[in-house]
Structures are given as structure tokens and as C-alpha cells.
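Heads up, coords08.pdb below (PDB, C-alpha atoms):
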```
ATOM      1  CA  MET Z  11       0.693  16.383  16.068
ATOM      2  CA  ASN Z  12       3.829  17.231  14.087
ATOM      3  CA  ASP Z  13       4.658  13.536  13.564
ATOM      4  CA  ILE Z  14       1.464  13.233  11.476
ATOM      5  CA  MET Z  15       2.858  15.642   8.907
ATOM      6  CA  ARG Z  16       5.963  14.767   6.941
ATOM      7  CA  ASN Z  17       6.752  18.148   5.419
ATOM      8  CA  LYS Z  18       8.165  21.250   7.104
ATOM      9  CA  THR Z  19       5.822  23.584   5.226
ATOM     10  CA  SER Z  20       2.769  21.649   6.428
ATOM     11  CA  THR Z  21       3.986  21.705  10.028
ATOM     12  CA  GLN Z  22       4.795  25.418  10.041
ATOM     13  CA  LEU Z  23       1.534  26.415   8.346
ATOM     14  CA  PHE Z  24      -0.506  24.318  10.787
ATOM     15  CA  GLN Z  25       1.299  25.931  13.718
ATOM     16  CA  TYR Z  26       0.660  29.429  12.310
ATOM     17  CA  TRP Z  27      -3.024  28.640  11.695
ATOM     18  CA  ASN Z  28      -3.371  27.444  15.289
ATOM     19  CA  VAL Z  29      -1.779  30.623  16.624
ATOM     20  CA  ILE Z  30      -4.003  33.033  14.689
ATOM     21  CA  ARG Z  31      -7.242  31.149  15.419
ATOM     22  CA  GLY Z  32      -6.588  31.114  19.183
ATOM     23  CA  ASP Z  33      -9.457  29.395  20.988
ATOM     24  CA  ARG Z  34     -11.803  29.604  17.983
ATOM     25  CA  GLU Z  35     -12.492  26.865  15.443
ATOM     26  CA  LEU Z  36     -11.012  28.823  12.543
ATOM     27  CA  PRO Z  37      -9.442  32.208  11.757
ATOM     28  CA  ARG Z  38     -10.606  34.835   9.268
ATOM     29  CA  ARG Z  39      -8.951  35.639   5.953
ATOM     30  CA  ASN Z  40      -7.975  39.165   7.016
ATOM     31  CA  GLU Z  41      -6.081  37.809  10.024
ATOM     32  CA  ILE Z  42      -3.472  36.138   7.828
ATOM     33  CA  ASP Z  43      -0.292  38.187   7.608
ATOM     34  CA  PRO Z  44       1.668  37.104   4.503
ATOM     35  CA  SER Z  45       4.855  38.595   5.901
ATOM     36  CA  ALA Z  46       4.660  36.213   8.867
ATOM     37  CA  ILE Z  47       4.714  33.179   6.567
ATOM     38  CA  ARG Z  48       6.630  34.627   3.606
ATOM     39  CA  THR Z  49       8.958  31.625   3.307
ATOM     40  CA  LEU Z  50       5.918  29.352   2.921
ATOM     41  CA  LEU Z  51       4.029  31.421   0.342
ATOM     42  CA  PRO Z  52       5.306  29.626  -2.806
ATOM     43  CA  GLN Z  53       3.683  26.381  -1.629
ATOM     44  CA  LEU Z  54       0.439  27.872  -0.296
ATOM     45  CA  PHE Z  55      -3.001  28.352  -1.797
ATOM     46  CA  ILE Z  56      -6.429  29.641  -0.815
ATOM     47  CA  LEU Z  57      -9.610  27.959  -2.028
ATOM     48  CA  GLU Z  58     -13.086  29.491  -2.067
ATOM     49  CA  ARG Z  59     -16.437  27.713  -2.354
ATOM     50  CA  ASP Z  60     -18.261  28.768  -5.504
ATOM     51  CA  HIS Z  61     -21.980  29.038  -6.302
ATOM     52  CA  PHE Z  62     -22.010  25.620  -7.981
ATOM     53  CA  GLY Z  63     -20.691  23.641  -5.025
ATOM     54  CA  GLY Z  64     -17.129  23.514  -6.286
ATOM     55  CA  MET Z  65     -13.956  25.012  -4.865
ATOM     56  CA  LYS Z  66     -11.791  27.321  -6.914
ATOM     57  CA  PHE Z  67      -8.365  28.798  -6.329
ATOM     58  CA  ARG Z  68      -8.314  32.401  -5.208
ATOM     59  CA  LEU Z  69      -4.553  32.287  -4.849
ATOM     60  CA  ALA Z  70      -1.899  29.699  -5.715
ATOM     61  CA  GLY Z  71       1.789  29.943  -4.898
ATOM     62  CA  THR Z  72       4.488  29.850  -7.540
ATOM     63  CA  HIS Z  73       5.739  26.381  -6.558
ATOM     64  CA  VAL Z  74       2.214  24.946  -6.726
ATOM     65  CA  CYS Z  75       1.761  26.348 -10.230
ATOM     66  CA  ALA Z  76       5.246  25.289 -11.333
ATOM     67  CA  LEU Z  77       4.642  21.695 -10.241
ATOM     68  CA  PHE Z  78       1.820  21.411 -12.799
ATOM     69  CA  ASP Z  79       3.057  24.131 -15.184
ATOM     70  CA  HIS Z  80      -0.332  25.855 -14.799
ATOM     71  CA  ASP Z  81      -1.581  29.117 -13.351
ATOM     72  CA  PHE Z  82      -4.331  27.881 -11.027
ATOM     73  CA  ARG Z  83      -5.869  31.215 -10.039
ATOM     74  CA  GLY Z  84      -9.613  30.925 -10.744
ATOM     75  CA  ARG Z  85      -9.426  27.214 -11.634
ATOM     76  CA  GLN Z  86     -11.229  24.406  -9.849
ATOM     77  CA  PHE Z  87      -9.369  22.519  -7.109
ATOM     78  CA  ALA Z  88     -10.801  19.283  -8.538
ATOM     79  CA  THR Z  89      -8.589  19.629 -11.644
ATOM     80  CA  LEU Z  90      -5.545  18.598  -9.582
ATOM     81  CA  TRP Z  91      -6.844  15.098  -8.856
ATOM     82  CA  LEU Z  92      -6.944  12.019 -11.055
ATOM     83  CA  GLY Z  93     -10.175  10.379 -12.223
ATOM     84  CA  SER Z  94     -12.983   9.909  -9.719
ATOM     85  CA  GLN Z  95     -10.753  11.164  -6.918
ATOM     86  CA  ALA Z  96     -11.653  14.708  -7.922
ATOM     87  CA  GLY Z  97     -15.163  14.195  -6.536
ATOM     88  CA  LYS Z  98     -13.913  12.508  -3.387
ATOM     89  CA  VAL Z  99     -11.435  15.272  -2.614
ATOM     90  CA  LEU Z 100     -14.143  17.868  -3.246
ATOM     91  CA  GLN Z 101     -16.269  16.181  -0.574
ATOM     92  CA  ILE Z 102     -13.323  16.226   1.818
ATOM     93  CA  GLY Z 103     -12.875  19.937   1.179
ATOM     94  CA  ARG Z 104     -16.547  20.596   1.852
ATOM     95  CA  ARG Z 105     -16.282  18.778   5.181
ATOM     96  CA  VAL Z 106     -13.213  20.814   6.110
ATOM     97  CA  MET Z 107     -15.343  23.931   5.597
ATOM     98  CA  THR Z 108     -18.594  22.747   7.193
ATOM     99  CA  GLN Z 109     -17.075  20.903  10.159
ATOM    100  CA  HIS Z 110     -14.148  23.315  10.664
ATOM    101  CA  VAL Z 111     -11.722  20.380  10.794
ATOM    102  CA  PRO Z 112      -8.158  20.456   9.391
ATOM    103  CA  VAL Z 113      -6.937  17.466   7.383
ATOM    104  CA  VAL Z 114      -3.775  16.372   5.604
ATOM    105  CA  LEU Z 115      -3.798  14.340   2.391
ATOM    106  CA  SER Z 116      -1.017  12.102   1.176
ATOM    107  CA  ALA Z 117      -0.898  11.748  -2.602
ATOM    108  CA  THR Z 118       1.316  10.502  -5.404
ATOM    109  CA  ALA Z 119       1.911  13.084  -8.110
ATOM    110  CA  ARG Z 120       2.071  11.442 -11.540
ATOM    111  CA  THR Z 121       3.446  12.703 -14.840
ATOM    112  CA  ASP Z 122       2.339  11.699 -18.321
ATOM    113  CA  ASP Z 123       5.571   9.767 -18.843
ATOM    114  CA  GLY Z 124       5.154   7.652 -15.704
ATOM    115  CA  ARG Z 125       7.246   9.527 -13.149
ATOM    116  CA  GLU Z 126       5.994   9.638  -9.565
ATOM    117  CA  LEU Z 127       6.515  11.973  -6.621
ATOM    118  CA  GLU Z 128       5.082  11.716  -3.099
ATOM    119  CA  THR Z 129       3.349  14.890  -1.895
ATOM    120  CA  GLU Z 130       1.503  16.241   1.113
ATOM    121  CA  THR Z 131      -1.509  18.568   0.992
ATOM    122  CA  LEU Z 132      -2.717  20.394   4.093
ATOM    123  CA  LEU Z 133      -6.305  21.750   4.160
ATOM    124  CA  LEU Z 134      -7.199  24.236   6.914
ATOM    125  CA  PRO Z 135     -10.666  25.810   7.321
ATOM    126  CA  LEU Z 136     -10.718  29.559   6.874
ATOM    127  CA  ALA Z 137     -13.521  32.101   7.206
ATOM    128  CA  SER Z 138     -14.195  35.070   4.982
ATOM    129  CA  ASN Z 139     -13.681  38.529   6.438
ATOM    130  CA  GLU Z 140     -17.398  38.463   7.306
ATOM    131  CA  GLY Z 141     -17.013  35.227   9.261
ATOM    132  CA  GLN Z 142     -18.550  32.756   6.810
ATOM    133  CA  SER Z 143     -16.726  29.395   6.659
ATOM    134  CA  ASP Z 144     -16.305  29.194   2.894
ATOM    135  CA  ARG Z 145     -12.547  29.060   2.332
ATOM    136  CA  ILE Z 146      -9.545  26.822   2.822
ATOM    137  CA  LEU Z 147      -5.959  27.805   3.508
ATOM    138  CA  GLY Z 148      -3.739  25.054   2.190
ATOM    139  CA  SER Z 149      -0.296  23.933   1.171
ATOM    140  CA  LEU Z 150       0.941  21.464  -1.425
ATOM    141  CA  SER Z 151       4.466  20.181  -0.873
ATOM    142  CA  PRO Z 152       6.640  17.543  -2.569
ATOM    143  CA  LEU Z 153       8.287  15.185  -0.083
ATOM    144  CA  SER Z 154      11.442  14.967  -2.191
ATOM    145  CA  ARG Z 155      13.095  16.920  -4.988
ATOM    146  CA  PRO Z 156      13.961  14.621  -7.907
ATOM    147  CA  TYR Z 157      16.100  15.968 -10.723
ATOM    148  CA  TRP Z 158      13.083  16.294 -13.035
ATOM    149  CA  LEU Z 159      11.003  18.422 -10.644
ATOM    150  CA  ASN Z 160       9.695  21.575 -12.385
ATOM    151  CA  ALA Z 161      11.163  20.371 -15.686
ATOM    152  CA  THR Z 162       8.504  17.687 -16.238
ATOM    153  CA  PRO Z 163       5.034  18.860 -15.176
ATOM    154  CA  VAL Z 164       2.761  16.740 -13.023
ATOM    155  CA  SER Z 165      -0.502  15.728 -14.714
ATOM    156  CA  GLY Z 166      -2.460  14.907 -11.554
ATOM    157  CA  LEU Z 167      -2.517  13.725  -7.947
ATOM    158  CA  ASP Z 168      -3.503  10.237  -6.803
ATOM    159  CA  VAL Z 169      -4.704  10.219  -3.178
ATOM    160  CA  THR Z 170      -3.142   7.567  -0.942
ATOM    161  CA  GLY Z 171      -4.162   8.687   2.548
ATOM    162  CA  LEU Z 172      -6.121  11.109   4.697
ATOM    163  CA  ARG Z 173      -5.525  12.138   8.282
ATOM    164  CA  VAL Z 174      -7.864  14.250  10.402
ATOM    165  CA  LEU Z 175      -5.869  16.670  12.561
ATOM    166  CA  ASP Z 176      -8.508  16.934  15.277
ATOM    167  CA  PRO Z 177      -8.648  13.592  17.143
ATOM    168  CA  ASP Z 178     -11.943  14.486  18.843
ATOM    169  CA  ARG Z 179     -13.686  14.903  15.490
ATOM    170  CA  THR Z 180     -12.181  12.067  13.492
ATOM    171  CA  ALA Z 181     -15.180   9.747  13.786
ATOM    172  CA  ALA Z 182     -17.709  12.438  12.889
ATOM    173  CA  PHE Z 183     -15.633  13.598   9.937
ATOM    174  CA  LEU Z 184     -15.212  10.115   8.478
ATOM    175  CA  ASN Z 185     -18.754   8.939   9.178
ATOM    176  CA  GLU Z 186     -20.669  11.913   7.789
ATOM    177  CA  PRO Z 187     -23.083  10.782   5.038
ATOM    178  CA  VAL Z 188     -21.428  11.036   1.635
ATOM    179  CA  ASP Z 189     -22.606  11.099  -1.944
ATOM    180  CA  ARG Z 190     -23.043   7.774  -3.707
ATOM    181  CA  ASP Z 191     -19.807   7.957  -5.710
ATOM    182  CA  ALA Z 192     -17.781   8.189  -2.486
ATOM    183  CA  THR Z 193     -19.068   4.823  -1.288
ATOM    184  CA  GLN Z 194     -17.727   2.893  -4.258
ATOM    185  CA  PRO Z 195     -14.829   0.406  -3.867
ATOM    186  CA  GLY Z 196     -11.504   2.158  -3.483
ATOM    187  CA  ILE Z 197     -11.939   3.517   0.040
ATOM    188  CA  ARG Z 198     -11.012   1.494   3.112
ATOM    189  CA  ARG Z 199     -10.850   2.216   6.833
ATOM    190  CA  VAL Z 200      -7.507   1.730   8.561
ATOM    191  CA  GLN Z 201      -7.729   2.280  12.326
ATOM    192  CA  HIS Z 202      -8.781   5.925  12.745
ATOM    193  CA  LEU Z 203      -7.950   6.846   9.149
ATOM    194  CA  ARG Z 204      -9.807   6.521   5.891
ATOM    195  CA  VAL Z 205      -7.343   5.635   3.159
ATOM    196  CA  PHE Z 206      -8.050   5.939  -0.545
ATOM    197  CA  GLU Z 207      -6.540   3.164  -2.623
ATOM    198  CA  GLY Z 208      -4.265   4.484  -5.345
ATOM    199  CA  GLY Z 209      -4.761   3.917  -9.048
ATOM    200  CA  ARG Z 210      -5.541   5.915 -12.131
ATOM    201  CA  ASP Z 211      -9.032   5.450 -13.544
ATOM    202  CA  GLY Z 212      -9.387   4.173 -17.079
TER     203      GLY Z 212
END
```

For the structure just supplied, provide its representation as C-alpha cells.
Amino acid sequence: MNDIMRNKTSTQLFQYWNVIRGDRELPRRNEIDPSAIRTLLPQLFILERDHFGGMKFRLAGTHVCALFDHDFRGRQFATLWLGSQAGKVLQIGRRVMTQHVPVVLSATARTDDGRELETETLLLPLASNEGQSDRILGSLSPLSRPYWLNATPVSGLDVTGLRVLDPDRTAAFLNEPVDRDATQPGIRRVQHLRVFEGGRDG
């Protein structure tokens, strides 16, 4: 499974999530011990489903905020993604919650002046303290550290790939009925993956 993820933070967070969930589909929020993953915290975030069907940040690590030069606490997760990809990624997040399936997204971070940076985003289903599957524990990690990182803010993420981290549920995850805008050109199947073609709208 580790060869699917290209970043150390993603790998370590996925391993920790697996340990605390045990033989269940997902762990609860109050089972996360920040001290056990303290070196990962700057690149982590927690999303919560809101009453309008969106997903907002409950917490966002310092490195996540610094990448965009924004404080994301309370903001919508969709604001990270470029153009129509915001809606597509929101649907992916909803499936992570409803199907209790972890996924990893590959994406190109783009700046307003044309710089690019490859990133990896891990989305892990997480239950509230009451047991309701309405949250996501995630990480957002650059795959390199160019000289301009944190000096030039990223304006948005352009999805280039999606991998389901539960082989037994890949087909169900990818074939679940989607909203009309997710069936438009720009999505293609590659073997067991669904890959989003890159490109900024407009």
C-alpha cells in the first residue's frame, strides 16, 4: 500500500489511522492523539460536513495555510480547487464519508504567476465522537520544496489523479452515481483508477 503514496506524511498518517481504527471501518475523532503524530500536524487538516452539503475546515495545519497564505479554519474545502474541480472533489469527499473509504489525490498546485508544484492529498474517513461519519482526517503535502515555496502563495489545486486505498471497494467507489457535472468530459478511467484531466477552467 505504501507504494501508492509518494509522500512520507501521507504514508505515516495512513498507518496511524489504520492502527487507531483497528478492525472497524473508521476511527472516532476523540481517538486521535495529537502527540502521537506531532511531527505530521503542520500538514494535517480535519474537515466536517456542514448543513448545506459542503465540507469546511475545522482545523488546518500551519504548512497547509502557509502554502496558500490563508487561514483555512472555517472555510470551505472546495476553495482549494480550481474551476469545476471544486465540485468534483466535494463529491469525492462525500463518498469518503458515506462509503468509509480512504483515497489519495494527486494534484498540481498552481500560482498566479505560472509556477507549479506537485502535491499529494490524503483523505481518511473519520467519525464524530458520537460515531457519525461526517468528518475527514487529511493531509496536504508538497512532493518537492522549490525555492519559492511559502514565498509565493498557491492560488489553487488542479487534480491529476485519484487512488482508492481499499482495493475491495474501488469499483463501488468509482461507479457510484454522481451528479451531472461530474460526468462531463475531463474524467477518464485508467485501469482501476479514475483520473481527472488537468487544466484550469476559463

Show me, as a PDB file with C-alpha atoms, in the coordinates of the input, the residues that have an atom within 7 Å of Leu153 in chain Z when counting all atoms listed in the file, minus same-chain residues fewer than 5 positions from it.
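Generated output (out39.pdb):
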```pdb
ATOM      1  CA  ASN Z  17       6.752  18.148   5.419  1.00  0.00           C
ATOM      2  CA  GLU Z 128       5.082  11.716  -3.099  1.00  0.00           C
ATOM      3  CA  THR Z 129       3.349  14.890  -1.895  1.00  0.00           C
ATOM      4  CA  GLU Z 130       1.503  16.241   1.113  1.00  0.00           C
TER       5      GLU Z 130
END
```

Inset, instruction - Name the residues in contact with Asp81 in chain Z at a cut-off of 9 Å, using all atoms listed in the file, excluding same-chain residues fewer than 5 positions from it; report them as an NGL selection string. - result: :Z and (70 or 72 or 74-76)

Inset, instruction - Compare Z:Thr121, Z:Leu127, Z:Met65, Z:Phe87 by their minimum atom-to-atom distance to Arg155 in chain Z, counting all atoms listed in the file, and give me the closest one. - result: Z:Leu127

Legend entry - Selection result of the PyMOL selection byres ((chain Z and resi 31) around 12) on this file, as JSON, numbers by chain: {"Z": [24, 25, 26, 27, 28, 29, 30, 32, 33, 34, 35, 36, 37, 38, 39, 40, 41, 42, 110, 134, 135, 136, 137]}

Legend entry - Atomic separation - CA of Ser149 in chain Z relative to CA of Leu54 in chain Z, Å: 4.3 Å

Inset, instruction - Translate the PyMOL selection byres ((chain Z and resi 131) around 10), as applied to the file shown, into an explicit residue set as a ChimeraX atom specification. - result: /Z:15,17,19-20,53-54,113-117,129-130,132-134,148-152,169,172

With C-alpha atoms retained, export the selected residues as a PDB file, keeping the file's coordinate frame.
```pdb
ATOM      1  CA  MET Z  15       2.858  15.642   8.907  1.00  0.00           C
ATOM      2  CA  ASN Z  17       6.752  18.148   5.419  1.00  0.00           C
ATOM      3  CA  THR Z  19       5.822  23.584   5.226  1.00  0.00           C
ATOM      4  CA  SER Z  20       2.769  21.649   6.428  1.00  0.00           C
ATOM      5  CA  GLN Z  53       3.683  26.381  -1.629  1.00  0.00           C
ATOM      6  CA  LEU Z  54       0.439  27.872  -0.296  1.00  0.00           C
ATOM      7  CA  VAL Z 113      -6.937  17.466   7.383  1.00  0.00           C
ATOM      8  CA  VAL Z 114      -3.775  16.372   5.604  1.00  0.00           C
ATOM      9  CA  LEU Z 115      -3.798  14.340   2.391  1.00  0.00           C
ATOM     10  CA  SER Z 116      -1.017  12.102   1.176  1.00  0.00           C
ATOM     11  CA  ALA Z 117      -0.898  11.748  -2.602  1.00  0.00           C
ATOM     12  CA  THR Z 129       3.349  14.890  -1.895  1.00  0.00           C
ATOM     13  CA  GLU Z 130       1.503  16.241   1.113  1.00  0.00           C
ATOM     14  CA  LEU Z 132      -2.717  20.394   4.093  1.00  0.00           C
ATOM     15  CA  LEU Z 133      -6.305  21.750   4.160  1.00  0.00           C
ATOM     16  CA  LEU Z 134      -7.199  24.236   6.914  1.00  0.00           C
ATOM     17  CA  GLY Z 148      -3.739  25.054   2.190  1.00  0.00           C
ATOM     18  CA  SER Z 149      -0.296  23.933   1.171  1.00  0.00           C
ATOM     19  CA  LEU Z 150       0.941  21.464  -1.425  1.00  0.00           C
ATOM     20  CA  SER Z 151       4.466  20.181  -0.873  1.00  0.00           C
ATOM     21  CA  PRO Z 152       6.640  17.543  -2.569  1.00  0.00           C
ATOM     22  CA  VAL Z 169      -4.704  10.219  -3.178  1.00  0.00           C
ATOM     23  CA  LEU Z 172      -6.121  11.109   4.697  1.00  0.00           C
TER      24      LEU Z 172
END
```

Legend entry - Option closest in space to Pro112 in chain Z, from Z:Ser138, Z:Thr180, Z:Gln95, Z:Gln22 [counting only C-alpha atoms]: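 Among Z:Ser138, Z:Thr180, Z:Gln95, Z:Gln22, it is Z:Thr180 that comes nearest to Pro112 in chain Z.
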
Legend entry - Gap from CA of Gln142 in chain Z to CA of Thr49 in chain Z - Å, one decimal: 27.8 Å

Legend entry - Interatomic distance, CA of Leu100 in chain Z to CA of Gln86 in chain Z (Å, one decimal):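 Straight-line distance from CA of Leu100 in chain Z to CA of Gln86 in chain Z works out to 9.7 Å.
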
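For the choices Z:Ile146, Z:Val111, Z:Leu51, Z:Leu77, the atom-to-atom distance to Leu175 in chain Z is smallest for Z:Val111 when using all atoms listed in the file.
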
Inset, instruction - Please return, as a PyMOL selection string, all polymer residues that have at least one atom within 10 Å of the point (-12.8, 28.5, -1.5); use only C-alpha atoms and the file's own coordinate frame. - result: chain Z and resi 55-60+63-69+86-87+103-104+107+135-138+143-147

Residues of range 86-155 of chain Z at most 9 Å from range 161-165 of chain Z: nearest atom pair and distance in Å, only C-alpha atoms, as a tab-separated table:
```
residue	atom	partner	partner_atom	distance
Z:Leu90	CA	Z:Ser165	CA	7.7
Z:Trp91	CA	Z:Ser165	CA	8.7
Z:Leu92	CA	Z:Ser165	CA	8.3
Z:Ala119	CA	Z:Val164	CA	6.2
Z:Arg120	CA	Z:Val164	CA	5.5
Z:Thr121	CA	Z:Val164	CA	4.5
Z:Asp122	CA	Z:Ser165	CA	6.1
Z:Asp123	CA	Z:Thr162	CA	8.8
Z:Arg125	CA	Z:Val164	CA	8.5
Z:Glu126	CA	Z:Val164	CA	8.5
Z:Leu127	CA	Z:Val164	CA	8.8
```

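Of the listed residues (Z:Gly166, Z:Gly93, Z:Arg16, Z:Ala88), Z:Gly166 comes nearest to Gly124 in chain Z; the distances count all atoms listed in the file.
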
Legend entry - Distance criterion (all atoms listed in the file): nearest to Leu23 in chain Z out of Z:Asp43, Z:Asp79, Z:Asp168, Z:Asp178: Z:Asp43
